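One file, query00.txt, is given below (compact mmCIF, C-alpha atoms).
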```
# COMPACT_ATOMS: atom_id res chain seq x y z
CA MET A 607 80.72 160.72 118.79
CA GLN A 608 83.45 162.02 116.50
CA VAL A 609 86.82 160.30 116.92
CA ALA A 610 90.18 160.59 115.21
CA ILE A 611 92.19 157.42 115.55
CA THR A 612 95.51 156.82 113.86
CA VAL A 613 95.77 153.26 112.60
CA ASN A 614 98.98 152.00 111.00
CA GLY A 615 100.13 155.56 110.46
CA GLN A 616 96.96 156.90 108.88
CA THR A 617 94.44 159.01 110.80
CA TYR A 618 90.78 158.10 110.39
CA GLU A 619 88.00 160.46 111.46
CA ARG A 620 84.72 158.69 112.03
CA ASP A 621 81.46 159.19 113.86
CA VAL A 622 81.01 156.19 116.18
CA GLU A 623 78.57 154.95 118.78
CA PRO A 624 80.17 155.04 122.27
CA ARG A 625 79.55 151.31 122.67
CA LEU A 626 81.56 150.40 119.57
CA LEU A 627 84.53 148.28 120.64
CA LEU A 628 87.92 149.09 119.17
CA VAL A 629 88.12 145.66 117.56
CA HIS A 630 84.87 146.30 115.69
CA PHE A 631 86.08 149.74 114.69
CA LEU A 632 89.13 148.10 113.12
CA ARG A 633 87.32 145.19 111.50
CA GLU A 634 83.99 146.65 110.48
CA VAL A 635 84.57 150.37 110.10
CA LEU A 636 88.08 150.23 108.62
CA ASP A 637 87.85 146.73 107.09
CA LEU A 638 91.09 145.70 108.76
CA THR A 639 90.11 142.10 109.42
CA GLY A 640 93.57 140.80 110.33
CA THR A 641 92.68 141.45 113.97
CA LYS A 642 90.42 138.59 115.09
CA VAL A 643 87.58 138.23 117.54
CA GLY A 644 88.01 134.95 119.37
CA CYS A 645 86.57 134.57 122.87
CA ASP A 646 85.31 138.18 123.06
CA THR A 647 85.86 137.97 126.84
CA SER A 648 89.41 139.37 127.23
CA GLN A 649 91.03 135.98 127.51
CA CYS A 650 92.17 134.52 124.18
CA GLY A 651 94.25 137.42 122.87
CA SER A 652 93.39 137.00 119.18
CA CYS A 653 92.26 140.66 119.11
CA THR A 654 95.64 141.95 120.35
CA VAL A 655 96.84 145.21 118.77
CA HIS A 656 99.23 147.92 119.94
CA LEU A 657 97.85 151.12 121.44
CA ASP A 658 100.60 153.73 121.61
CA GLY A 659 103.07 150.85 121.31
CA VAL A 660 101.60 148.75 124.12
CA ALA A 661 99.82 145.40 123.67
CA LEU A 662 96.06 145.67 124.17
CA LYS A 663 93.12 143.31 123.79
CA SER A 664 91.04 145.42 121.43
CA CYS A 665 87.82 143.65 122.46
CA THR A 666 88.29 145.27 125.86
CA MET A 667 88.47 148.90 124.82
CA LEU A 668 85.93 151.24 123.32
CA ALA A 669 86.81 152.98 120.09
CA VAL A 670 86.10 156.31 121.84
CA GLN A 671 88.85 155.52 124.37
CA ALA A 672 91.33 155.29 121.49
CA ASP A 673 90.39 158.79 120.26
CA GLY A 674 93.57 160.76 119.53
CA ARG A 675 95.78 157.72 120.01
CA GLU A 676 97.80 155.45 117.75
CA VAL A 677 96.89 151.89 116.94
CA THR A 678 99.05 149.35 115.14
CA THR A 679 97.45 146.19 113.79
CA ILE A 680 98.96 143.13 112.13
CA GLU A 681 98.42 144.89 108.78
CA GLY A 682 100.80 147.64 109.91
CA LEU A 683 103.82 145.46 110.65
CA ALA A 684 105.11 144.72 107.16
CA GLN A 685 106.99 147.66 105.65
CA ASN A 686 107.34 148.21 101.90
CA GLY A 687 106.28 144.67 101.14
CA GLU A 688 108.83 143.21 103.57
CA LEU A 689 107.44 141.07 106.38
CA HIS A 690 108.29 142.09 109.93
CA PRO A 691 111.04 139.83 111.41
CA MET A 692 108.46 138.35 113.80
CA GLN A 693 106.21 137.45 110.86
CA GLU A 694 109.20 135.91 109.04
CA SER A 695 110.05 133.96 112.15
CA PHE A 696 106.53 132.56 112.56
CA TRP A 697 106.71 131.45 108.92
CA GLU A 698 110.19 130.00 109.26
CA HIS A 699 109.50 128.09 112.49
CA HIS A 700 106.00 126.98 111.61
CA GLY A 701 104.47 128.96 114.47
CA LEU A 702 100.93 128.38 113.26
CA GLN A 703 98.54 125.88 111.79
CA CYS A 704 95.12 127.40 111.25
CA GLY A 705 96.45 130.93 111.73
CA PHE A 706 93.53 132.34 113.70
CA CYS A 707 95.55 133.22 116.82
CA THR A 708 98.58 134.32 114.81
CA PRO A 709 97.91 138.07 114.47
CA GLY A 710 97.37 138.27 118.24
CA MET A 711 100.43 136.12 118.97
CA ILE A 712 102.59 138.30 116.74
CA MET A 713 101.27 141.60 118.13
CA ALA A 714 101.71 140.39 121.73
CA SER A 715 105.23 139.14 120.99
CA THR A 716 106.42 142.24 119.14
CA ALA A 717 105.20 144.49 121.97
CA PHE A 718 106.90 142.25 124.50
CA LEU A 719 110.26 142.28 122.67
CA GLN A 720 110.15 146.09 122.76
CA GLN A 721 110.35 145.84 126.56
CA ASN A 722 112.58 142.80 126.79
CA ALA A 723 114.84 142.30 123.79
CA GLU A 724 116.48 139.13 125.08
CA PRO A 725 113.83 137.13 126.89
CA THR A 726 114.29 133.65 128.27
CA GLU A 727 111.95 130.90 127.17
CA ALA A 728 110.13 131.14 130.51
CA GLU A 729 109.65 134.90 130.04
CA ILE A 730 108.26 134.37 126.54
CA ARG A 731 105.79 131.80 127.86
CA HIS A 732 104.77 134.08 130.74
CA ASN A 733 104.17 136.96 128.36
CA LEU A 734 102.08 134.85 126.01
CA GLU A 735 99.76 133.76 128.83
CA GLY A 736 97.12 136.06 127.40
CA ASN A 737 97.15 134.40 123.98
CA ILE A 738 95.50 131.07 123.37
CA CYS A 739 96.31 128.74 120.46
CA ARG A 740 94.19 125.66 119.87
CA CYS A 741 96.41 124.05 117.22
CA THR A 742 100.11 123.91 117.81
CA GLY A 743 100.60 123.42 121.51
CA TYR A 744 102.73 126.57 121.64
CA GLN A 745 106.14 124.95 121.10
CA ASN A 746 106.72 126.43 117.68
CA ILE A 747 105.20 129.77 118.66
CA VAL A 748 107.69 130.09 121.52
CA ARG A 749 110.48 128.94 119.20
CA ALA A 750 109.47 131.57 116.65
CA VAL A 751 109.51 134.37 119.21
CA GLN A 752 112.84 133.20 120.57
CA ALA A 753 114.31 133.10 117.08
CA ALA A 754 112.99 136.58 116.29
CA ALA A 755 114.59 137.87 119.49
CA ASN A 756 117.86 136.31 118.42
CA GLY A 757 117.73 138.10 115.10
CA GLY A 758 116.22 135.23 113.16
CA ASP A 759 118.56 132.44 114.25
CA GLY A 760 117.36 129.62 116.33
CA MET B 841 79.28 141.05 122.22
CA TRP B 842 78.06 144.58 122.41
CA PRO B 843 77.35 146.43 125.62
CA LYS B 844 73.95 148.06 126.00
CA SER B 845 73.91 151.63 124.61
CA PHE B 846 75.19 154.33 126.91
CA ASP B 847 76.29 157.95 126.84
CA TYR B 848 79.96 158.77 127.10
CA ILE B 849 81.83 161.81 128.30
CA ARG B 850 85.45 162.49 129.08
CA VAL B 851 86.31 164.67 132.07
CA ASN B 852 89.43 166.66 132.81
CA SER B 853 89.33 166.97 136.59
CA VAL B 854 88.34 165.01 139.68
CA GLU B 855 85.76 167.74 140.47
CA GLU B 856 84.17 167.31 137.05
CA ALA B 857 84.02 163.55 137.55
CA ILE B 858 82.25 164.01 140.90
CA THR B 859 79.79 166.50 139.35
CA GLN B 860 78.90 163.99 136.64
CA LEU B 861 78.47 161.18 139.15
CA ASN B 862 76.23 163.47 141.17
CA LYS B 863 74.12 164.51 138.21
CA HIS B 864 73.53 161.05 136.81
CA GLU B 865 72.35 158.33 139.11
CA ASP B 866 73.33 155.54 136.73
CA ALA B 867 76.82 156.71 135.83
CA LYS B 868 80.03 154.72 136.10
CA LEU B 869 83.64 155.87 135.99
CA LEU B 870 85.74 154.40 133.20
CA ALA B 871 89.47 154.06 133.94
CA GLY B 872 91.18 151.13 132.18
CA GLY B 873 87.80 149.49 131.65
CA HIS B 874 89.27 146.02 132.02
CA SER B 875 86.74 144.97 134.65
CA LEU B 876 83.85 147.21 133.66
CA LEU B 877 83.76 146.59 129.90
CA PRO B 878 83.74 142.78 130.17
CA ALA B 879 80.90 143.11 132.69
CA MET B 880 79.03 145.45 130.33
CA LYS B 881 79.50 143.11 127.37
CA LEU B 882 77.92 140.32 129.41
CA ARG B 883 75.16 142.79 130.41
CA LEU B 884 76.06 142.26 134.04
CA ALA B 885 76.48 146.05 134.19
CA GLU B 886 74.34 148.47 132.20
CA PRO B 887 75.32 152.01 133.15
CA ALA B 888 73.53 154.83 131.31
CA LEU B 889 76.63 157.00 131.28
CA LEU B 890 80.35 156.27 131.22
CA VAL B 891 82.56 159.02 132.61
CA ASP B 892 86.01 158.49 131.10
CA ILE B 893 88.63 159.65 133.59
CA ALA B 894 91.66 158.83 131.41
CA PRO B 895 92.68 162.52 131.16
CA LEU B 896 93.05 162.80 134.97
CA GLY B 897 96.43 161.10 135.05
CA LEU B 898 96.57 159.81 138.65
CA THR B 899 99.08 157.24 137.46
CA GLN B 900 102.08 158.04 139.65
CA VAL B 901 103.69 155.51 141.95
CA SER B 902 105.75 157.62 144.35
CA ASP B 903 107.93 157.02 147.36
CA ARG B 904 106.92 159.51 150.06
CA GLY B 905 109.55 158.34 152.53
CA HIS B 906 107.07 157.31 155.21
CA GLY B 907 105.18 155.26 152.63
CA TRP B 908 104.16 154.79 149.04
CA SER B 909 101.44 156.66 147.24
CA ILE B 910 99.93 154.84 144.30
CA GLY B 911 97.75 156.80 141.89
CA ALA B 912 94.35 155.18 141.45
CA MET B 913 94.95 154.92 137.72
CA ALA B 914 98.37 153.30 137.92
CA THR B 915 98.22 150.21 135.73
CA HIS B 916 99.12 146.77 137.04
CA ALA B 917 102.10 146.72 134.66
CA HIS B 918 103.32 150.05 136.06
CA ILE B 919 102.94 148.83 139.65
CA ALA B 920 104.68 145.53 138.85
CA ALA B 921 107.63 147.53 137.51
CA ASN B 922 107.72 150.36 140.06
CA ALA B 923 106.53 149.02 143.42
CA ASN B 924 108.07 146.18 145.39
CA GLY B 925 107.28 143.18 147.57
CA ALA B 926 103.86 141.59 147.68
CA LEU B 927 102.18 144.45 145.84
CA ALA B 928 104.48 144.21 142.82
CA GLN B 929 104.28 140.41 142.97
CA ALA B 930 100.48 140.45 142.92
CA ALA B 931 100.38 143.05 140.13
CA ALA B 932 102.75 140.97 137.99
CA GLY B 933 100.45 137.96 138.29
CA ILE B 934 97.21 139.63 137.28
CA GLY B 935 95.60 138.33 134.08
CA ASP B 936 98.17 138.64 131.34
CA GLN B 937 100.48 141.18 129.72
CA GLN B 938 97.65 142.88 127.81
CA VAL B 939 95.37 143.14 130.83
CA ARG B 940 98.16 144.44 133.09
CA ASN B 941 98.93 147.14 130.51
CA PHE B 942 95.51 148.78 130.86
CA GLY B 943 93.83 147.52 134.03
CA THR B 944 94.23 150.01 136.90
CA ILE B 945 94.49 149.40 140.62
CA GLY B 946 91.71 151.90 141.42
CA GLY B 947 89.36 150.28 138.94
CA ASN B 948 90.32 146.90 140.26
CA ILE B 949 89.46 147.65 143.88
CA ALA B 950 86.34 149.65 143.02
CA HIS B 951 85.09 146.62 141.09
CA ALA B 952 85.97 144.37 144.08
CA ASP B 953 85.97 141.09 142.23
CA PRO B 954 86.26 138.37 144.89
CA ALA B 955 89.00 136.66 142.88
CA SER B 956 91.12 139.76 142.41
CA ASP B 957 94.69 139.81 143.75
CA PRO B 958 95.45 143.36 144.97
CA PRO B 959 92.73 143.52 147.66
CA ALA B 960 94.41 140.80 149.78
CA VAL B 961 97.74 142.59 149.52
CA LEU B 962 96.28 145.99 150.41
CA VAL B 963 94.58 144.47 153.47
CA ALA B 964 97.85 142.83 154.60
CA LEU B 965 99.91 145.98 154.04
CA GLY B 966 97.51 148.15 156.04
CA ALA B 967 96.83 150.34 152.99
CA LYS B 968 94.55 153.35 153.07
CA ILE B 969 92.23 154.15 150.18
CA TYR B 970 91.95 157.89 149.45
CA ILE B 971 88.56 158.90 148.16
CA ARG B 972 86.94 162.15 147.00
CA GLY B 973 83.27 162.89 146.57
CA SER B 974 80.65 165.59 147.06
CA GLY B 975 81.27 165.28 150.78
CA GLY B 976 84.97 166.11 150.44
CA GLU B 977 88.00 163.89 150.90
CA ARG B 978 88.25 160.90 153.20
CA ASN B 979 90.34 157.78 153.57
CA VAL B 980 89.38 154.31 154.60
CA ALA B 981 91.50 151.34 155.65
CA ALA B 982 91.61 148.59 153.01
CA GLU B 983 90.21 146.06 155.47
CA ASP B 984 87.09 148.25 155.89
CA PHE B 985 86.84 149.10 152.19
CA PHE B 986 85.90 145.64 150.94
CA ILE B 987 82.44 144.84 152.27
CA ASP B 988 80.99 141.98 150.23
CA LEU B 989 80.89 140.40 146.76
CA PHE B 990 81.55 143.28 144.30
CA THR B 991 80.65 145.67 147.12
CA THR B 992 82.84 148.34 148.65
CA ASP B 993 82.56 151.30 150.97
CA LEU B 994 82.65 153.66 147.95
CA LEU B 995 79.55 155.87 147.54
CA SER B 996 77.94 156.43 144.15
CA ASP B 997 79.35 159.99 143.84
CA GLU B 998 82.86 159.11 144.98
CA ILE B 999 86.12 158.49 143.14
CA ILE B 1000 89.25 156.76 144.39
CA THR B 1001 92.20 159.10 143.90
CA SER B 1002 95.10 157.18 145.42
CA ILE B 1003 96.17 154.37 147.67
CA TYR B 1004 98.64 154.88 150.49
CA ILE B 1005 100.87 152.12 151.76
CA PRO B 1006 102.77 152.87 154.97
CA ARG B 1007 106.45 151.96 155.12
CA LYS B 1008 107.06 149.69 158.09
CA GLU B 1009 110.71 149.28 159.04
CA GLY B 1010 111.82 145.68 159.42
CA HIS B 1011 108.73 144.28 157.73
CA THR B 1012 108.81 141.90 154.80
CA ASN B 1013 105.86 140.65 152.79
CA ALA B 1014 104.80 138.19 150.13
CA TYR B 1015 101.77 137.12 148.16
CA ALA B 1016 101.08 133.47 147.32
CA LYS B 1017 98.39 132.64 144.84
CA MET B 1018 96.70 129.63 143.35
CA ALA B 1019 95.73 130.92 139.93
CA HIS B 1020 92.78 129.64 137.94
CA PRO B 1021 94.41 127.80 135.02
CA ALA B 1022 92.46 129.70 132.35
CA SER B 1023 91.67 133.15 133.70
CA ARG B 1024 94.65 133.53 136.10
CA TYR B 1025 92.24 134.94 138.68
CA ALA B 1026 92.98 133.86 142.24
CA LEU B 1027 91.18 130.73 143.38
CA VAL B 1028 92.96 131.50 146.60
CA GLY B 1029 95.41 134.30 147.29
CA VAL B 1030 97.10 135.00 150.60
CA ALA B 1031 99.22 138.05 151.42
CA VAL B 1032 101.42 138.22 154.50
CA ASP B 1033 103.20 141.25 155.92
CA ILE B 1034 105.44 140.28 158.81
CA CYS B 1035 108.13 141.62 161.12
CA THR B 1036 110.33 139.05 162.75
CA GLN B 1037 113.07 139.36 165.36
CA GLU B 1038 115.39 136.48 166.22
CA GLY B 1039 113.08 134.05 164.51
CA HIS B 1040 109.98 135.26 166.35
CA CYS B 1041 107.05 137.11 164.88
CA ARG B 1042 106.71 140.61 166.32
CA GLU B 1043 103.90 141.81 164.10
CA VAL B 1044 101.91 140.24 161.30
CA ARG B 1045 98.95 141.02 159.07
CA ILE B 1046 97.32 138.53 156.74
CA GLY B 1047 94.91 139.24 153.87
CA VAL B 1048 92.94 136.62 151.94
CA THR B 1049 91.24 136.79 148.54
CA GLY B 1050 89.70 134.33 146.09
CA ALA B 1051 88.35 131.89 148.64
CA THR B 1052 86.06 134.50 150.19
CA THR B 1053 83.27 136.81 149.05
CA HIS B 1054 85.62 139.76 149.54
CA ALA B 1055 89.16 140.38 150.75
CA VAL B 1056 89.35 139.82 154.49
CA ARG B 1057 91.90 139.86 157.29
CA ALA B 1058 92.68 136.54 158.91
CA SER B 1059 92.90 137.66 162.53
CA GLY B 1060 92.83 134.18 164.05
CA ALA B 1061 95.87 133.15 162.03
CA GLU B 1062 97.54 136.45 162.93
CA ALA B 1063 96.93 135.77 166.64
CA VAL B 1064 98.55 132.34 166.37
CA LEU B 1065 101.70 133.83 164.87
CA GLN B 1066 101.91 136.95 167.04
CA GLY B 1067 104.90 136.54 169.36
CA ALA B 1068 105.43 132.95 168.25
CA GLU B 1069 108.55 131.39 166.82
CA ILE B 1070 108.33 130.98 163.04
CA ASN B 1071 108.66 127.22 162.76
CA ASP B 1072 106.82 124.40 161.01
CA GLY B 1073 104.57 123.68 163.98
CA ASN B 1074 103.40 127.28 164.41
CA ILE B 1075 102.96 127.77 160.67
CA ALA B 1076 100.81 124.62 160.59
CA GLN B 1077 98.70 126.03 163.43
CA ALA B 1078 98.24 129.33 161.61
CA CYS B 1079 97.21 127.39 158.51
CA GLU B 1080 94.52 125.68 160.59
CA ALA B 1081 93.42 128.98 162.08
CA ILE B 1082 93.00 130.75 158.72
CA GLN B 1083 90.48 128.09 157.68
CA ALA B 1084 88.35 128.99 160.69
CA ASP B 1085 88.84 132.72 159.98
CA ILE B 1086 87.21 132.46 156.56
CA ALA B 1087 84.66 129.71 157.30
CA ASP B 1088 81.66 132.07 157.22
CA GLN B 1089 82.61 133.91 154.03
CA LEU B 1090 83.61 131.10 151.70
CA LEU B 1091 83.02 131.17 147.98
CA GLY B 1092 83.15 128.19 145.64
CA ASP B 1093 82.03 126.72 142.35
CA ALA B 1094 81.64 123.26 140.84
CA ALA B 1095 85.31 122.94 139.89
CA TYR B 1096 86.77 124.50 143.04
CA PRO B 1097 84.26 124.06 145.87
CA GLU B 1098 84.24 125.96 149.13
CA ASP B 1099 85.92 123.33 151.31
CA TYR B 1100 88.71 122.90 148.74
CA ARG B 1101 89.44 126.63 148.64
CA GLN B 1102 89.30 126.73 152.43
CA ALA B 1103 91.94 124.00 152.65
CA MET B 1104 94.04 125.74 149.98
CA ALA B 1105 93.94 128.99 151.97
CA GLY B 1106 95.87 127.08 154.62
CA VAL B 1107 98.38 125.76 152.10
CA PHE B 1108 98.94 129.15 150.51
CA LEU B 1109 99.25 130.92 153.86
CA GLY B 1110 102.10 128.55 154.61
CA ARG B 1111 103.76 129.43 151.31
CA ALA B 1112 103.28 133.16 151.86
CA ILE B 1113 104.75 133.04 155.38
CA ARG B 1114 107.77 131.07 154.16
CA ALA B 1115 108.28 133.41 151.22
CA ALA B 1116 107.99 136.51 153.41
CA THR B 1117 110.41 135.18 156.04
CA ALA B 1118 112.89 133.50 153.68
```
Show the structure stored in the file as structure tokens.
Amino acid sequence: MQVAITVNGQTYERDVEPRLLLVHFLREVLDLTGTKVGCDTSQCGSCTVHLDGVALKSCTMLAVQADGREVTTIEGLAQNGELHPMQESFWEHHGLQCGFCTPGMIMASTAFLQQNAEPTEAEIRHNLEGNICRCTGYQNIVRAVQAAANGGDG
Amino acid sequence: MWPKSFDYIRVNSVEEAITQLNKHEDAKLLAGGHSLLPAMKLRLAEPALLVDIAPLGLTQVSDRGHGWSIGAMATHAHIAANANGALAQAAAGIGDQQVRNFGTIGGNIAHADPASDPPAVLVALGAKIYIRGSGGERNVAAEDFFIDLFTTDLLSDEIITSIYIPRKEGHTNAYAKMAHPASRYALVGVAVDICTQEGHCREVRIGVTGATTHAVRASGAEAVLQGAEINDGNIAQACEAIQADIADQLLGDAAYPEDYRQAMAGVFLGRAIRAATA
């Protein structure tokens, strides 16, 4: 089936099998491998991207469902060589060790801050329930999101 | 994981969706896909055709005065933000942010996962499920809609269009849930809708999920509370009664066996009653 999906501002027209998952469209068709496949069962959140500005687990949507819609991946956050403030904050606050969950953590957090610009720590933790990290124990991830919400201080 | 190959079409009207369901025996409707796609990836479901109903809209949550009408394709996130009471509470606790953004209430109840939250709430609130199919339109009470494990009253050529929740003056409600630590699905979830006057229960409905094969009403526990004073003794009695109510329909696994969930249904009924009458 022919689809036209806009990813990070650029529209890609491709012929895809209906069963192709969005995450595989991103990784294997477009070579955007920043988005990870972790559990592949809608739980770990490492495949999180934005669909029309809303956080989505891209292992749980077909590419054909994204036809005509806009996807943002981790590769689309930095602008003109400048990291997104959330990326800066993860760097600054050591919000990662191995980095595998990081794209998903950052995409989930940036979408969340769009809805709630000044979240409490509890709200940040609640909204990261769908993202699993096996390294850091979450403390620095939460700190990084909090700092990004506070404009980088924290 | 890749689902088995299937055909895919997108439809623009409810009529078109019904026609497709009628034409193809092995077709499934695709709304948010957040129950269906995981099942397909595990090859627990292998439909030959997916009928994508995204263009239908059906996402409105509207106050009709005498009650609320919830479009079948309203997402959990939308319901959490736009409904109130137990329904909003349950919606806000489903899965996680990403799942709530795309999972729909119609898809959720059509799938009828035994550990799903909304079914218990819909049973307690006396909701009606509005359905259209080749035979026309009909509605069915939530308590009659859920029949068994992943089994509902919905026929193969039918589509859920909306859910109606009657407004009941003087009623309050709450949902109390013991969430699975990893999946956030309900190990036990109890919804209570209650009307009290001078500390006594005038009317009550109780719905249970998680501990049972499908969402059920706990009529024994309701009977204990009906007309009774809301106090610790009567709540304790209702918590005993709910365990008898669900005794024949229990569900369990190695980590959370049947008798444990049965006991927890009592505990969480107590919490739901206290939250609803606080």
(message) So that I can see what lies close to range 1072-1080 of chain B, please list as number ranges by chain the residues with an atom at most 9 Å from it, counting only C-alpha atoms and leaving out residues fewer than 3 positions away in the same chain.
(response) B: 1060-1065, 1068-1069, 1083-1084, 1103, 1105-1110, 1113-1114
With all atoms listed in the file considered, list every residue of chain A at most 6 Å from chain B, as a short mmCIF file (atom, residue, chain, number, x, y, z; two decimals) with C-alpha atoms, in the coordinates of the input.
```
data_model
loop_
_atom_site.label_atom_id
_atom_site.label_comp_id
_atom_site.auth_asym_id
_atom_site.auth_seq_id
_atom_site.Cartn_x
_atom_site.Cartn_y
_atom_site.Cartn_z
CA ARG A 625 79.55 151.31 122.67
CA ALA A 661 99.82 145.40 123.67
CA LEU A 662 96.06 145.67 124.17
CA ASN A 733 104.17 136.96 128.36
CA GLU A 735 99.76 133.76 128.83
CA GLY A 736 97.12 136.06 127.40
#
```
(message) Could you tell me how far CA of Thr612 in chain A sits from CA of His630 in chain A, in Å to one decimal place?
(response) 15.1 Å
Skip Gln745 in chain A itself and residues of its chain fewer than 4 positions away, then list as a PDB file with C-alpha atoms, keeping the file's coordinate frame all residues within 9 Å of it, counting all atoms listed in the file.
```pdb
ATOM      1  CA  GLY A 701     104.470 128.960 114.470  1.00  0.00           C
ATOM      2  CA  ARG A 749     110.480 128.940 119.200  1.00  0.00           C
ATOM      3  CA  ALA A 750     109.470 131.570 116.650  1.00  0.00           C
TER       4      ALA A 750
END
```
(message) For a test of reading the model, state the distance in Å between CA of Leu965 in chain B and CA of Gly897 in chain B, rounded to one decimal.
(response) 24.5 Å
(message) For a quick check of understanding, using only C-alpha atoms, which of A:Leu668, A:Met692, A:Ile738, A:Leu719 has the smallest distance to Gln649 in chain A?
(response) A:Ile738
(request) Work out how far CA of Ala1058 in chain B is from CA of Ala1094 in chain B, in Å to one decimal. (result)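 If I compute the distance from CA of Ala1094 in chain B to CA of Ala1058 in chain B, I get 25.0 Å.
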(request) Show which residues sit within 10 Å of Gly1039 in chain B, as an MDAnalysis selection string. Count all atoms listed in the file, and ignore same-chain residues fewer than 4 positions away. (result) chainID B and resid 1035 1067:1071 1117
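Among the candidates B:Ile1000, B:Val1048, B:Leu994, B:Met913, the residue lying nearest to Ala960 in chain B is B:Val1048 (atoms considered: all atoms listed in the file).
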(request) Just the residues within 12 Å of Ser974 in chain B, please, counting only C-alpha atoms, with nothing from its chain fewer than 2 positions along; format it as a count of residues only. (result) 20
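Among B:Ile1003, B:Asp988, B:His864, B:Asn979, the residue with the shortest atom-to-atom distance to Ala912 in chain B, counting all atoms listed in the file, is B:Ile1003.
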Please write out, as lines of an AutoDock Vina configuration file, where the centre of an axis-aligned box around all listed atoms of range 670-683 of chain A lies and how long its edges are, in Å to one decimal, after adding 5 Å on each side.
```
center_x = 95.0
center_y = 151.9
center_z = 116.6
size_x = 27.7
size_y = 27.6
size_z = 25.6
```
(request) Excluding Val751 in chain A and residues on its chain fewer than 6 positions from it, collect all residues at most 8 Å away from it, counting all atoms listed in the file, and give them as a PyMOL selection string. (result) chain A and resi 692+695-696+715+730
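Checking A:Leu683, A:Gly644, A:Gln720, A:Val629 one by one against Gly659 in chain A, counting all atoms listed in the file, you find the shortest gap at A:Gln720.
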(request) Go through B:Ala921, B:Ile949, B:Ser1002, B:Ala928 and flag the residue nearest Thr899 in chain B, using all atoms listed in the file for the distances. (result) B:Ser1002
(message) Around (91.9, 150.1, 156.9), as given in the file, which residues come within 8 Å? Count all atoms listed in the file and list them as a PyMOL selection string.
(response) chain B and resi 963+966-969+980-985
(message) So, with all atoms listed in the file as the atoms that count, which of A:Gly674, A:Gly687, A:Thr679, A:Asp621 lies closest to Arg633 in chain A?
(response)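 The shortest atom-to-atom distance to Arg633 in chain A comes from A:Thr679.
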